[in-house]
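What's in final-v1.cif: mmCIF, C-alpha atoms
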```cif
data_target
#
loop_
_atom_site.label_atom_id
_atom_site.label_comp_id
_atom_site.auth_asym_id
_atom_site.auth_seq_id
_atom_site.Cartn_x
_atom_site.Cartn_y
_atom_site.Cartn_z
CA MET B 153 118.85 118.33 98.69
CA PRO B 154 120.48 115.61 100.78
CA ALA B 155 120.31 111.97 99.65
CA VAL B 156 120.48 108.89 101.89
CA THR B 157 120.84 105.25 100.92
CA CYS B 158 118.86 102.43 102.52
CA LYS B 159 119.89 98.79 102.57
CA TYR B 160 117.26 96.18 103.46
CA PHE B 161 117.93 92.90 105.27
CA THR B 162 116.00 89.78 106.28
CA THR B 163 112.25 90.29 106.68
CA VAL B 164 112.11 93.85 105.35
CA LEU B 165 113.90 92.72 102.19
CA SER B 166 110.93 90.48 101.39
CA ILE B 167 108.65 93.54 101.67
CA THR B 168 110.71 96.00 99.62
CA ASN B 169 111.78 93.42 97.03
CA LYS B 170 115.02 95.35 96.64
CA GLU B 171 118.31 95.25 98.46
CA GLN B 172 118.84 99.00 98.48
CA GLU B 173 117.56 102.33 97.24
CA THR B 174 118.38 106.01 97.55
CA PHE B 175 116.01 108.68 98.82
CA THR B 176 116.23 112.44 98.46
CA ILE B 177 115.23 114.06 101.76
CA LYS B 178 114.58 117.54 103.10
CA ALA B 179 117.36 119.18 105.11
CA GLY B 180 116.72 118.65 108.82
CA THR B 181 114.89 115.32 108.42
CA THR B 182 115.33 113.19 111.54
CA VAL B 183 115.82 109.43 111.61
CA GLU B 184 112.36 109.09 113.16
CA ASP B 185 110.73 111.21 110.41
CA PHE B 186 112.51 109.22 107.75
CA ILE B 187 111.43 105.86 109.18
CA GLU B 188 107.82 107.06 109.05
CA GLU B 189 108.24 108.07 105.40
CA VAL B 190 109.60 104.64 104.50
CA ILE B 191 106.72 103.00 106.40
CA LYS B 192 104.27 105.12 104.36
CA LYS B 193 105.94 103.89 101.16
CA TYR B 194 105.99 100.17 102.08
CA GLY B 195 103.06 99.89 104.50
CA ALA B 196 102.34 98.80 108.04
CA LYS B 197 103.95 95.39 107.57
CA PHE B 198 107.28 97.12 106.98
CA GLY B 199 106.82 99.06 110.23
CA GLN B 200 106.01 95.88 112.14
CA HIS B 201 109.33 94.39 111.04
CA VAL B 202 111.37 97.56 111.59
CA TYR B 203 110.19 98.24 115.15
CA ALA B 204 110.53 95.94 118.14
CA GLU B 205 107.93 96.68 120.81
CA GLY B 206 107.39 95.40 124.31
CA ILE B 207 107.34 96.17 128.02
CA LEU B 208 110.52 96.92 129.96
CA ASP B 209 110.40 97.63 133.70
CA GLY B 210 106.63 98.01 133.40
CA LYS B 211 106.87 100.66 130.67
CA PRO B 212 106.15 100.20 126.96
CA TYR B 213 109.04 100.66 124.56
CA LYS B 214 109.39 100.82 120.79
CA THR B 215 112.82 100.65 119.18
CA PRO B 216 113.84 100.22 115.54
CA ASN B 217 116.07 97.54 114.05
CA LEU B 218 118.12 100.21 112.35
CA TYR B 219 121.77 101.00 111.80
CA LEU B 220 122.91 104.47 110.75
CA ASN B 221 126.34 104.51 109.13
CA LYS B 222 127.04 101.00 110.50
CA SER B 223 126.17 101.84 114.13
CA ARG B 224 122.91 101.04 115.92
CA ILE B 225 120.84 104.18 116.33
CA GLN B 226 120.39 103.27 120.03
CA TRP B 227 124.14 103.59 120.74
CA VAL B 228 124.16 106.79 122.76
CA LEU B 229 127.89 107.41 122.29
CA ASP B 230 127.43 107.45 118.50
CA TYR B 231 123.97 109.05 118.40
CA PRO B 232 123.16 110.94 121.61
CA ASP B 233 119.96 112.29 119.99
CA GLY B 234 118.81 108.77 119.05
CA LEU B 235 115.81 108.87 116.70
CA LYS B 236 115.94 112.68 116.74
CA THR B 237 119.35 112.55 114.97
CA LYS B 238 119.24 114.64 111.80
CA LEU B 239 120.18 112.83 108.63
CA LYS B 240 122.80 114.29 106.33
CA ASP B 241 123.80 113.82 102.73
CA GLY B 242 125.46 110.45 102.14
CA ASP B 243 124.11 108.72 105.25
CA LEU B 244 123.59 104.96 105.02
CA LEU B 245 120.66 103.33 106.81
CA TRP B 246 120.34 99.57 107.26
CA PHE B 247 116.84 98.29 108.02
CA GLY B 248 116.11 94.87 109.52
CA LEU B 249 117.97 92.38 111.63
CA ILE B 250 121.59 91.87 110.67
CA ILE B 251 122.45 88.17 110.68
CA GLY B 252 126.01 86.92 110.51
CA GLY B 253 127.58 83.54 109.97
CA GLY B 254 129.95 81.27 111.82
CA THR B 255 130.39 77.75 113.09
CA VAL B 256 128.18 76.20 115.76
CA ASN B 257 128.98 73.12 117.87
CA VAL B 258 125.76 71.34 118.88
CA SER B 259 126.13 68.09 120.87
CA GLY B 260 129.53 67.38 119.34
CA CYS B 261 128.38 68.01 115.76
CA MET B 262 129.86 70.93 113.85
CA PHE B 263 127.56 72.99 111.64
CA GLN B 264 128.61 75.71 109.26
CA VAL B 265 126.18 78.65 109.37
CA GLN B 266 126.09 80.57 106.12
CA ARG B 267 125.88 84.32 106.09
CA TYR B 268 122.27 85.34 105.33
CA ASN B 269 122.90 88.90 104.12
#
```
The structure given in the file should be rewritten as structure tokens.
Amino acid sequence: MPAVTCKYFTTVLSITNKEQETFTIKAGTTVEDFIEEVIKKYGAKFGQHVYAEGILDGKPYKTPNLYLNKSRIQWVLDYPDGLKTKLKDGDLLWFGLIIGGGTVNVSGCMFQVQRYN
């Protein structure tokens, strides 16, 4: 059976209390199905932090903060099937917002921003 690895960042990390874990999945499992399985394991709070919801052009939307193999699942060129993409053995999923570091200049003062994850 295929196995996928999940890495957890920012707010979802505080829910899982682990940086990563590996799941064995059924062949043919989609990204959407898998997200729902992880939400069942960690609860509704996990789902609230994984999905961003709102209204766009008068229509409701729901999109996950999720990277599959280091590319956002919403990137159509990488994943034309989006959430219906079938997972395969060895896939890597990153859950949560990815925060980087850098230097910020605010009113002439330089601040060093440390990498969060």
Considering only C-alpha atoms, return as number ranges by chain whatever protein or nucleic-acid residues lie within 12 Å of B:Phe186, sequence-local ones (same chain, fewer than 4 positions apart) excluded. B: 155-158, 175-182, 190-193, 199, 216, 218, 220, 235-240, 243, 245, 247
Test item: residues at most 8 Å from stretch 163-166 of chain B, all atoms listed in the file, excluding those fewer than 6 positions along its chain, as a ChimeraX atom specification: /B:198,201-202,247-249
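Restricting the calculation to only C-alpha atoms, the smallest distance between B:Val183 and any of B:Ile167, B:Ala196, B:Ile207, B:Ile225 is found for B:Ile225.
The two atoms in question, atom CA of B:Gln172 and atom CA of B:Tyr213, are spaced 27.9 Å apart.
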Distance in Å - atom CA of B:Ser223 versus atom CA of B:Glu205: 20.1 Å
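Each of B:Asp185, B:Thr168, B:Leu208, B:Glu173 was checked against B:Leu244 using only C-alpha atoms; the smallest atom-to-atom distance is that of B:Glu173.
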Mind pulling up the distance from atom CA of B:Asp241 to atom CA of B:Met153? 7.8 Å
